[in-house]
Amino acid sequence: MKPTEPQTKLSRRSFLKVSGAALLLLSGGGLYRAVDQGVFSTSKGPAYEPWAIHAVNQADLSDKAPERLVHYAILASNAHNTQPWLFRVHADRIELYADLSKNIGTMDPYFREMNISLGCAIENLCLAAQAHGFEPNVKLLDGDIDQAKVATIDLSPSSPHSSPLFHMITKRHTHRGAYDSNKPVSVALLNEMSTLSDHASSAKLLLHTDQQMKEQLGSLIVQATEAIVHDADQARDSHRWYRHSQDDIHRFKDGTTLDATGNSTLVRVFGKMLSISEKSSNAYWLKSTKEVHIPTASAYGSIVLATRSKAQLLEAGRLWQRIHLWATSKGIALHPLNQVNERLDREQQMNLTPHFGDALRSIVGGHGEHVFLFRMGYARDQALPSPRRSADEVQLQ
Ligand SMILES: Cc1cc2nc3c(=O)[nH]c(=O)nc-3n(C[C@H](O)[C@H](O)[C@H](O)COP(=O)(O)O)c2cc1C
């Protein structure tokens with residue numbers, strides 16, 4: 001499936017609905033708010049400019065300034081779109097630091113998601129380095145899980161090699177919408193996905209395709225979402241990164257947005273006109289999990305590690321980014337669903353009975369420690385980009 005084809009069909013179908021909605025907005029005197037809330041400027045403005053790098057750089061891959069690589073690193077997948085990275089660029093190496101101020105609090109008390117996110121940025125950086133004629137040599141710095149410096153990437157000159165995954169960096173977006181229940185991901189593609197684990201790394205992919213396991217995972221994900229929504233601290237820490245007003249989106253250039261929920265144009269148009277409270281947003285998340293995310297998942301994938309060290313979490317991130325870029329090249333939509341792991345960490349933090357911890361341990365058996373879960377499938381429409389701080393804004397002097 002070419003990602004562009006279904007988009008055209010959906011656009012035509014939703015046109016009439018949106019026209020009706022627009023008339024209602026105008027008749028309600030809501031035009032000013034519609035403009036103010038970006039109804040007519042989806043994916044445009046300063047927060048979305050970093051996604052346009054490809055158009056510029058395609059013509060100029062010969063630009064050997066290592067700063068160029070940061071432009072690709074910042075487009076990586078990352079938990080709650082906090083973008084927890086800082087880069088120090090030298091002529092022959094790039095140092096990567098965790099921006100610890102971007103921690104998601106009780107949603108990520110042990111920096112599991114932060115370190116996976118940093119690993120995603122490393123993967124993009126390496127793909128961009130090769131495309132620009134550098135051989136990257138990555139040194140992951142193990143040690144304390146919340147230590148700020150996480151990696152050094154040495155860059156030596158080599159002949160340019162731009163892999164198909166590099167070309168997917170600007171096209172990859174998390175897809176939180178409904179997937180086609182009648183179109184499973186084929187066994188051949190699942191087998192190909194399994195080969196993406198790097199033999200030298202301890203991060204491995206486990207696929208869950210049988211009905212019984214899918215039901216067990218689906219039920220666990222719903223239970224974990226309910227537990228988060230009913231945990232006042234987690235509900236607050238999760239919602240804190242939701243950006244509703246256009247003003248906030250372009251000022252902070254981070255966080256999750258209505259446009260990234262995978263909803264139809266109509267729902268997003270009306271949603272932008274309303275005020276969204278923490279309670280209504282979390283209730284909506286639970287409802288979508290139950291009614292859209294779980295029932296339409298074609299299969300699930302887990303990333304497991306031998307141990308949860310910082311270096312291995314970074315490797316898990318590299319693997320996730322690789323999987324997502326590869327899936328994008330095949331027209332497969334992906335969506336991380338990490339509520340169960342978020343509850344596992346919370347159970348440890350609060351010394352609670354390890355309900356979710358035990359469940360994940362029994363699912364992965366002897367394969368290692370479960371650190372990341374996602375669903376996959378085919379979507380009718382394309383996902384929209386999420387905001388990004390610019391490469392300049394995340395560079396240390
Ligand atoms: C470690 C990690 C955990 C994530 N967990 C979730 C999740 O539980 N639910 C979700 O909808 N997205 C999750 N995501 C996806 C991010 O929210 C997404 O990458 C971010 O908002 C940026 O959007 P983009 O991927 O479209 O660029 C996760 C991503 C990472 C790297």
# chains A, B, ... in the order shown; residues from 1 in each chain; ligands from 1
call {"tool": "closest_atom_pairs", "arguments": {"of": "chain A", "to": "ligand 1", "cutoff": "6 Å", "atoms": "only C-alpha atoms and all ligand atoms", "output": "CSV"}}
result
residue,atom,partner,partner_atom_place_in_ligand_line,distance
A:Ser77,CA,ligand 1,19 (O),3.5
A:Asn78,CA,ligand 1,31 (C),3.5
A:Ala79,CA,ligand 1,30 (C),3.8
A:His80,CA,ligand 1,17 (O),4.1
A:Asn81,CA,ligand 1,21 (O),3.9
A:Glu113,CA,ligand 1,1 (C),3.9
A:Ile116,CA,ligand 1,1 (C),4.9
A:Ser117,CA,ligand 1,31 (C),4.3
A:His173,CA,ligand 1,26 (O),3.5
A:Thr174,CA,ligand 1,26 (O),3.9
A:Thr256,CA,ligand 1,21 (O),5.4
A:Pro336,CA,ligand 1,6 (C),4.5
A:Leu337,CA,ligand 1,8 (O),3.8
A:Asn338,CA,ligand 1,8 (O),3.7
A:Gln339,CA,ligand 1,8 (O),5.5
A:Pro385,CA,ligand 1,26 (O),5.4
A:Ser386,CA,ligand 1,23 (O),5.0
call {"tool": "write_last_selection", "arguments": {"atoms": "all heavy atoms", "output": "short mmCIF file (atom, residue, chain, number, x, y, z; two decimals), in the first residue's frame"}}
result
data_model
loop_
_atom_site.label_atom_id
_atom_site.label_comp_id
_atom_site.auth_asym_id
_atom_site.auth_seq_id
_atom_site.Cartn_x
_atom_site.Cartn_y
_atom_site.Cartn_z
N SER A 77 11.33 9.08 17.19
CA SER A 77 10.25 8.73 18.12
C SER A 77 10.74 9.02 19.55
O SER A 77 11.94 8.87 19.83
CB SER A 77 9.96 7.23 17.96
OG SER A 77 9.02 6.79 18.88
N ASN A 78 9.86 9.46 20.42
CA ASN A 78 10.27 9.71 21.81
C ASN A 78 9.05 9.80 22.69
O ASN A 78 8.00 10.29 22.25
CB ASN A 78 11.11 11.01 21.88
CG ASN A 78 10.31 12.24 21.56
OD1 ASN A 78 9.82 12.90 22.46
ND2 ASN A 78 10.12 12.56 20.28
N ALA A 79 9.18 9.31 23.91
CA ALA A 79 8.02 9.17 24.80
C ALA A 79 7.36 10.52 25.08
O ALA A 79 8.04 11.48 25.46
CB ALA A 79 8.46 8.53 26.10
N HIS A 80 6.03 10.58 24.91
CA HIS A 80 5.23 11.78 25.16
C HIS A 80 5.73 13.00 24.38
O HIS A 80 5.40 14.13 24.73
CB HIS A 80 5.18 12.11 26.66
CG HIS A 80 4.11 11.34 27.39
ND1 HIS A 80 4.14 9.99 27.56
CD2 HIS A 80 2.97 11.76 28.01
CE1 HIS A 80 3.07 9.60 28.24
NE2 HIS A 80 2.34 10.64 28.51
N ASN A 81 6.55 12.76 23.40
CA ASN A 81 7.14 13.85 22.60
C ASN A 81 7.79 14.93 23.48
O ASN A 81 7.69 16.13 23.23
CB ASN A 81 6.09 14.48 21.68
CG ASN A 81 6.73 15.27 20.54
OD1 ASN A 81 7.89 15.04 20.19
ND2 ASN A 81 6.00 16.21 20.00
N GLU A 113 11.78 5.05 29.61
CA GLU A 113 11.32 5.62 28.34
C GLU A 113 12.25 6.72 27.86
O GLU A 113 12.44 6.90 26.66
CB GLU A 113 9.88 6.13 28.50
CG GLU A 113 8.94 4.98 28.82
CD GLU A 113 7.46 5.27 28.61
OE1 GLU A 113 7.10 6.41 28.31
OE2 GLU A 113 6.68 4.31 28.75
N ILE A 116 15.16 4.96 26.17
CA ILE A 116 14.74 4.39 24.87
C ILE A 116 14.63 5.52 23.84
O ILE A 116 15.07 5.39 22.70
CB ILE A 116 13.41 3.61 25.01
CG1 ILE A 116 13.60 2.38 25.92
CG2 ILE A 116 12.88 3.16 23.65
CD1 ILE A 116 12.33 1.58 26.21
N SER A 117 14.05 6.65 24.26
CA SER A 117 13.89 7.79 23.34
C SER A 117 15.25 8.28 22.83
O SER A 117 15.41 8.59 21.64
CB SER A 117 13.19 8.96 24.04
OG SER A 117 11.96 8.53 24.61
N HIS A 173 5.66 8.59 11.35
CA HIS A 173 4.86 9.24 12.39
C HIS A 173 4.10 8.14 13.15
O HIS A 173 3.68 7.15 12.55
CB HIS A 173 3.83 10.19 11.78
CG HIS A 173 4.42 11.24 10.88
ND1 HIS A 173 5.31 12.19 11.35
CD2 HIS A 173 4.28 11.48 9.55
CE1 HIS A 173 5.68 12.98 10.33
NE2 HIS A 173 5.08 12.55 9.24
N THR A 174 3.91 8.35 14.43
CA THR A 174 3.12 7.40 15.23
C THR A 174 1.67 7.46 14.75
O THR A 174 1.11 8.55 14.61
CB THR A 174 3.19 7.81 16.72
OG1 THR A 174 4.56 7.76 17.12
CG2 THR A 174 2.36 6.89 17.59
N THR A 256 2.12 15.95 23.14
CA THR A 256 1.16 15.28 22.26
C THR A 256 0.05 16.27 21.90
O THR A 256 -0.23 17.19 22.67
CB THR A 256 0.56 14.05 22.96
OG1 THR A 256 0.07 14.45 24.25
CG2 THR A 256 1.60 12.97 23.15
N PRO A 336 3.17 2.67 19.62
CA PRO A 336 3.60 2.14 20.92
C PRO A 336 2.45 2.21 21.93
O PRO A 336 1.68 3.18 21.91
CB PRO A 336 4.73 3.08 21.36
CG PRO A 336 5.14 3.82 20.13
CD PRO A 336 3.92 3.89 19.27
N LEU A 337 2.35 1.20 22.76
CA LEU A 337 1.32 1.17 23.82
C LEU A 337 2.05 0.72 25.09
O LEU A 337 2.13 -0.48 25.35
CB LEU A 337 0.20 0.19 23.46
CG LEU A 337 -0.72 0.61 22.31
CD1 LEU A 337 -1.52 -0.57 21.79
CD2 LEU A 337 -1.67 1.72 22.75
N ASN A 338 2.57 1.67 25.83
CA ASN A 338 3.45 1.30 26.94
C ASN A 338 2.83 1.40 28.32
O ASN A 338 3.54 1.43 29.33
CB ASN A 338 4.73 2.11 26.84
CG ASN A 338 5.64 1.49 25.80
OD1 ASN A 338 6.07 0.36 25.96
ND2 ASN A 338 5.88 2.18 24.72
N GLN A 339 1.49 1.41 28.37
CA GLN A 339 0.82 1.55 29.65
C GLN A 339 1.19 0.43 30.63
O GLN A 339 1.30 0.66 31.83
CB GLN A 339 -0.71 1.55 29.46
CG GLN A 339 -1.25 2.72 28.64
CD GLN A 339 -1.39 2.41 27.16
OE1 GLN A 339 -0.45 1.91 26.55
NE2 GLN A 339 -2.52 2.75 26.57
N PRO A 385 2.25 14.76 11.49
CA PRO A 385 3.48 14.96 12.27
C PRO A 385 3.21 15.58 13.63
O PRO A 385 2.19 16.24 13.84
CB PRO A 385 4.30 15.92 11.40
CG PRO A 385 3.36 16.54 10.46
CD PRO A 385 2.18 15.64 10.31
N SER A 386 4.14 15.37 14.53
CA SER A 386 4.05 15.98 15.86
C SER A 386 5.07 17.13 15.93
O SER A 386 6.02 17.17 15.14
CB SER A 386 4.33 14.93 16.93
OG SER A 386 5.56 14.33 16.69
#
call {"tool": "select_by_dssp", "arguments": {"residues": "segment 261-356 of chain A", "states": "strand (DSSP E)", "output": "VMD selection string"}}
result
chain A and resid 299 to 305 333 to 336
call {"tool": "residues_around", "arguments": {"residues": "Tyr72 of chain A", "least_positions_apart": "4", "cutoff": "10 Å", "atoms": "only C-alpha atoms", "output": "ChimeraX atom specification"}}
result
/A:50-51,53-54,67-68,76,121-129,166,169-170,391
call {"tool": "closest_atom_pairs", "arguments": {"of": "segment 354-379 of chain A", "to": "segment 201-205 of chain A", "cutoff": "12 Å", "atoms": "only C-alpha atoms", "output": "tab-separated table"}}
result
residue	atom	partner	partner_atom	distance
A:Val364	CA	A:Leu205	CA	10.6
A:His367	CA	A:Lys204	CA	8.6
A:Gly368	CA	A:Lys204	CA	9.0
A:Glu369	CA	A:Ala203	CA	9.6
A:His370	CA	A:Lys204	CA	9.8
A:Val371	CA	A:Ala203	CA	9.5
A:Phe372	CA	A:Leu205	CA	9.5
A:Leu373	CA	A:Leu205	CA	9.7
A:Phe374	CA	A:Leu205	CA	10.7
call {"tool": "write_last_selection", "arguments": {"atoms": "N, CA and C atoms", "output": "CSV table (one decimal), in the first residue's frame"}}
result
chain,number,residue,atom,x,y,z
A,364,VAL,N,6.9,-12.8,28.5
A,364,VAL,CA,8.2,-12.9,27.8
A,364,VAL,C,8.9,-14.2,28.2
A,367,HIS,N,12.7,-14.9,27.8
A,367,HIS,CA,13.4,-14.1,26.8
A,367,HIS,C,14.1,-12.8,27.3
A,368,GLY,N,13.8,-12.5,28.6
A,368,GLY,CA,14.5,-11.3,29.2
A,368,GLY,C,13.5,-10.4,29.8
A,369,GLU,N,13.8,-9.1,29.8
A,369,GLU,CA,13.0,-8.1,30.5
A,369,GLU,C,12.2,-7.3,29.5
A,370,HIS,N,10.9,-7.2,29.7
A,370,HIS,CA,10.1,-6.5,28.7
A,370,HIS,C,10.2,-5.0,29.0
A,371,VAL,N,10.5,-4.2,27.9
A,371,VAL,CA,10.7,-2.8,28.1
A,371,VAL,C,9.8,-1.9,27.1
A,372,PHE,N,9.2,-2.5,26.1
A,372,PHE,CA,8.5,-1.7,25.1
A,372,PHE,C,7.4,-2.6,24.4
A,373,LEU,N,6.2,-2.0,24.2
A,373,LEU,CA,5.2,-2.8,23.5
A,373,LEU,C,4.5,-1.9,22.4
A,374,PHE,N,4.2,-2.5,21.3
A,374,PHE,CA,3.5,-1.7,20.2
A,374,PHE,C,2.5,-2.5,19.5
call {"tool": "residues_around", "arguments": {"residues": "Ser194 of chain A", "least_positions_apart": "4", "cutoff": "9 Å", "atoms": "only C-alpha atoms", "output": "PDB file with N, CA, C and O atoms, in the first residue's frame"}}
result
ATOM      1  N   LEU A 189       6.195 -10.404   6.007  1.00  0.00           N
ATOM      2  CA  LEU A 189       6.660  -9.108   6.525  1.00  0.00           C
ATOM      3  C   LEU A 189       7.021  -9.208   8.006  1.00  0.00           C
ATOM      4  O   LEU A 189       7.981  -8.582   8.471  1.00  0.00           O
ATOM      5  N   LEU A 190       6.253 -10.005   8.758  1.00  0.00           N
ATOM      6  CA  LEU A 190       6.590 -10.178  10.182  1.00  0.00           C
ATOM      7  C   LEU A 190       7.973 -10.820  10.313  1.00  0.00           C
ATOM      8  O   LEU A 190       8.773 -10.443  11.171  1.00  0.00           O
ATOM      9  N   LYS A 204      15.941  -7.432  21.662  1.00  0.00           N
ATOM     10  CA  LYS A 204      15.314  -8.378  20.722  1.00  0.00           C
ATOM     11  C   LYS A 204      13.833  -8.076  20.572  1.00  0.00           C
ATOM     12  O   LYS A 204      13.184  -7.575  21.510  1.00  0.00           O
ATOM     13  N   LEU A 205      13.311  -8.429  19.396  1.00  0.00           N
ATOM     14  CA  LEU A 205      11.890  -8.225  19.115  1.00  0.00           C
ATOM     15  C   LEU A 205      11.147  -9.547  19.282  1.00  0.00           C
ATOM     16  O   LEU A 205      11.564 -10.582  18.767  1.00  0.00           O
ATOM     17  N   LEU A 206      10.032  -9.494  20.027  1.00  0.00           N
ATOM     18  CA  LEU A 206       9.154 -10.664  20.163  1.00  0.00           C
ATOM     19  C   LEU A 206       7.824 -10.301  19.534  1.00  0.00           C
ATOM     20  O   LEU A 206       7.243  -9.264  19.892  1.00  0.00           O
ATOM     21  N   LEU A 207       7.324 -11.118  18.626  1.00  0.00           N
ATOM     22  CA  LEU A 207       6.047 -10.793  17.979  1.00  0.00           C
ATOM     23  C   LEU A 207       4.917 -11.609  18.611  1.00  0.00           C
ATOM     24  O   LEU A 207       5.115 -12.772  18.995  1.00  0.00           O
ATOM     25  N   ILE A 323      12.737  -0.335  13.573  1.00  0.00           N
ATOM     26  CA  ILE A 323      11.491  -1.046  13.236  1.00  0.00           C
ATOM     27  C   ILE A 323      10.474  -0.060  12.653  1.00  0.00           C
ATOM     28  O   ILE A 323       9.819  -0.334  11.655  1.00  0.00           O
TER      29      ILE A 323
END
call {"tool": "residues_around", "arguments": {"residues": "Gly377 of chain A", "least_positions_apart": "5", "cutoff": "9 Å", "atoms": "only C-alpha atoms", "output": "ChimeraX atom specification"}}
result
/A:178-181,183-185,296-299,332-334
call {"tool": "residues_around", "arguments": {"residues": "Lys330 of chain A", "least_positions_apart": "2", "cutoff": "12 Å", "atoms": "only C-alpha atoms", "output": "list of chain:residue names"}}
result
A:Met1, A:Lys2, A:Pro3, A:Pro164, A:Leu165, A:Met168, A:Lys171, A:Arg172, A:Val185, A:Ser186, A:Ala188, A:Leu189, A:Leu190, A:Glu192, A:Met193, A:Ile323, A:His324, A:Leu325, A:Trp326, A:Ala327, A:Thr328, A:Ile332, A:Ala333, A:Leu334, A:Met376, A:Gly377, A:Tyr378
call {"tool": "write_last_selection", "arguments": {"atoms": "N, CA and C atoms", "output": "mmCIF file, in the first residue's frame"}}
result
data_model
loop_
_atom_site.group_PDB
_atom_site.id
_atom_site.type_symbol
_atom_site.label_atom_id
_atom_site.label_comp_id
_atom_site.auth_asym_id
_atom_site.auth_seq_id
_atom_site.Cartn_x
_atom_site.Cartn_y
_atom_site.Cartn_z
ATOM 1 N N MET A 1 0.846 -1.195 0.000
ATOM 2 C CA MET A 1 0.000 0.000 0.000
ATOM 3 C C MET A 1 0.886 1.251 0.000
ATOM 4 N N LYS A 2 0.633 2.124 -0.961
ATOM 5 C CA LYS A 2 1.367 3.387 -0.950
ATOM 6 C C LYS A 2 0.691 4.295 0.063
ATOM 7 N N PRO A 3 1.445 4.898 0.975
ATOM 8 C CA PRO A 3 0.799 5.688 2.017
ATOM 9 C C PRO A 3 -0.044 6.833 1.475
ATOM 10 N N PRO A 164 17.581 2.876 2.634
ATOM 11 C CA PRO A 164 16.140 3.189 2.498
ATOM 12 C C PRO A 164 15.560 3.708 3.820
ATOM 13 N N LEU A 165 16.105 3.258 4.943
ATOM 14 C CA LEU A 165 15.570 3.722 6.235
ATOM 15 C C LEU A 165 15.823 5.214 6.429
ATOM 16 N N MET A 168 13.152 7.367 5.196
ATOM 17 C CA MET A 168 11.879 7.289 5.919
ATOM 18 C C MET A 168 11.839 8.217 7.136
ATOM 19 N N LYS A 171 9.230 10.752 7.094
ATOM 20 C CA LYS A 171 7.878 10.235 6.785
ATOM 21 C C LYS A 171 7.293 9.453 7.953
ATOM 22 N N ARG A 172 8.132 9.069 8.924
ATOM 23 C CA ARG A 172 7.681 8.243 10.047
ATOM 24 C C ARG A 172 6.873 9.054 11.058
ATOM 25 N N VAL A 185 -1.009 -8.032 8.881
ATOM 26 C CA VAL A 185 0.370 -7.926 8.372
ATOM 27 C C VAL A 185 0.824 -9.351 8.028
ATOM 28 N N SER A 186 1.352 -9.535 6.826
ATOM 29 C CA SER A 186 1.655 -10.901 6.367
ATOM 30 C C SER A 186 2.801 -11.542 7.163
ATOM 31 N N ALA A 188 5.272 -13.052 5.940
ATOM 32 C CA ALA A 188 6.556 -12.728 5.302
ATOM 33 C C ALA A 188 7.095 -11.405 5.862
ATOM 34 N N LEU A 189 6.195 -10.404 6.007
ATOM 35 C CA LEU A 189 6.660 -9.108 6.525
ATOM 36 C C LEU A 189 7.021 -9.208 8.006
ATOM 37 N N LEU A 190 6.253 -10.005 8.758
ATOM 38 C CA LEU A 190 6.590 -10.178 10.182
ATOM 39 C C LEU A 190 7.973 -10.820 10.313
ATOM 40 N N GLU A 192 10.377 -10.559 8.176
ATOM 41 C CA GLU A 192 11.378 -9.545 7.809
ATOM 42 C C GLU A 192 11.593 -8.578 8.976
ATOM 43 N N MET A 193 10.484 -8.221 9.640
ATOM 44 C CA MET A 193 10.594 -7.310 10.795
ATOM 45 C C MET A 193 11.498 -7.935 11.876
ATOM 46 N N ILE A 323 12.737 -0.335 13.573
ATOM 47 C CA ILE A 323 11.491 -1.046 13.236
ATOM 48 C C ILE A 323 10.474 -0.060 12.653
ATOM 49 N N HIS A 324 10.383 1.131 13.287
ATOM 50 C CA HIS A 324 9.365 2.086 12.840
ATOM 51 C C HIS A 324 9.698 2.633 11.441
ATOM 52 N N LEU A 325 10.972 2.874 11.194
ATOM 53 C CA LEU A 325 11.361 3.374 9.864
ATOM 54 C C LEU A 325 11.118 2.298 8.801
ATOM 55 N N TRP A 326 11.476 1.058 9.147
ATOM 56 C CA TRP A 326 11.268 -0.048 8.207
ATOM 57 C C TRP A 326 9.764 -0.192 7.915
ATOM 58 N N ALA A 327 8.934 -0.179 8.988
ATOM 59 C CA ALA A 327 7.479 -0.326 8.818
ATOM 60 C C ALA A 327 6.935 0.791 7.929
ATOM 61 N N THR A 328 7.452 2.007 8.112
ATOM 62 C CA THR A 328 7.008 3.139 7.284
ATOM 63 C C THR A 328 7.293 2.840 5.811
ATOM 64 N N ILE A 332 3.243 0.035 6.742
ATOM 65 C CA ILE A 332 2.649 -0.521 7.977
ATOM 66 C C ILE A 332 2.624 0.575 9.046
ATOM 67 N N ALA A 333 1.456 0.756 9.662
ATOM 68 C CA ALA A 333 1.323 1.757 10.734
ATOM 69 C C ALA A 333 1.719 1.123 12.068
ATOM 70 N N LEU A 334 2.412 1.906 12.906
ATOM 71 C CA LEU A 334 2.816 1.414 14.233
ATOM 72 C C LEU A 334 2.396 2.411 15.312
ATOM 73 N N MET A 376 0.496 -3.001 15.599
ATOM 74 C CA MET A 376 0.759 -2.712 14.178
ATOM 75 C C MET A 376 -0.467 -3.033 13.335
ATOM 76 N N GLY A 377 -0.497 -2.513 12.133
ATOM 77 C CA GLY A 377 -1.603 -2.793 11.208
ATOM 78 C C GLY A 377 -1.528 -1.858 10.016
ATOM 79 N N TYR A 378 -2.567 -1.911 9.211
ATOM 80 C CA TYR A 378 -2.643 -1.006 8.067
ATOM 81 C C TYR A 378 -3.711 0.037 8.359
#
call {"tool": "closest_residue", "arguments": {"among": "A:Ala311, A:Ile276, A:Ala283, A:Ala235", "to": "Ile104 of chain A", "atoms": "only C-alpha atoms"}}
result
A:Ala235
call {"tool": "residues_around", "arguments": {"residues": "Val394 of chain A", "least_positions_apart": "3", "cutoff": "9 Å", "atoms": "only C-alpha atoms", "output": "ChimeraX atom specification"}}
result
/A:70,74,85-88,389-391
call {"tool": "write_last_selection", "arguments": {"atoms": "C-alpha atoms", "output": "compact mmCIF listing (two decimals), in the first residue's frame"}}
result
# COMPACT_ATOMS: atom_id res chain seq x y z
CA VAL A 70 21.17 16.72 14.48
CA ILE A 74 15.44 15.27 16.51
CA TRP A 85 17.90 15.27 24.13
CA LEU A 86 20.75 17.73 23.96
CA PHE A 87 23.65 17.52 21.50
CA ARG A 88 27.17 18.90 21.60
CA ARG A 389 12.02 21.89 18.81
CA SER A 390 14.54 22.89 16.15
CA ALA A 391 18.05 21.41 15.93
call {"tool": "atom_distance", "arguments": {"atom1": "atom CA of Gly105 of chain A", "atom2": "atom CA of Gln234 of chain A"}}
result
7.9 Å
call {"tool": "closest_residue", "arguments": {"among": "A:Ala306, A:Ala47, A:Leu100, A:Cys120", "to": "Ile145 of chain A", "atoms": "only C-alpha atoms"}}
result
A:Leu100
call {"tool": "select_by_dssp", "arguments": {"residues": "segment 281-357 of chain A", "states": "helix (DSSP H, G or I)", "output": "number ranges by chain"}}
result
A: 281-293, 310-329, 339-350, 355-357
call {"tool": "closest_residue", "arguments": {"among": "A:Gln312, A:His175, A:Asn191, A:Asn263", "to": "Val150 of chain A", "atoms": "only C-alpha atoms"}}
result
A:Gln312
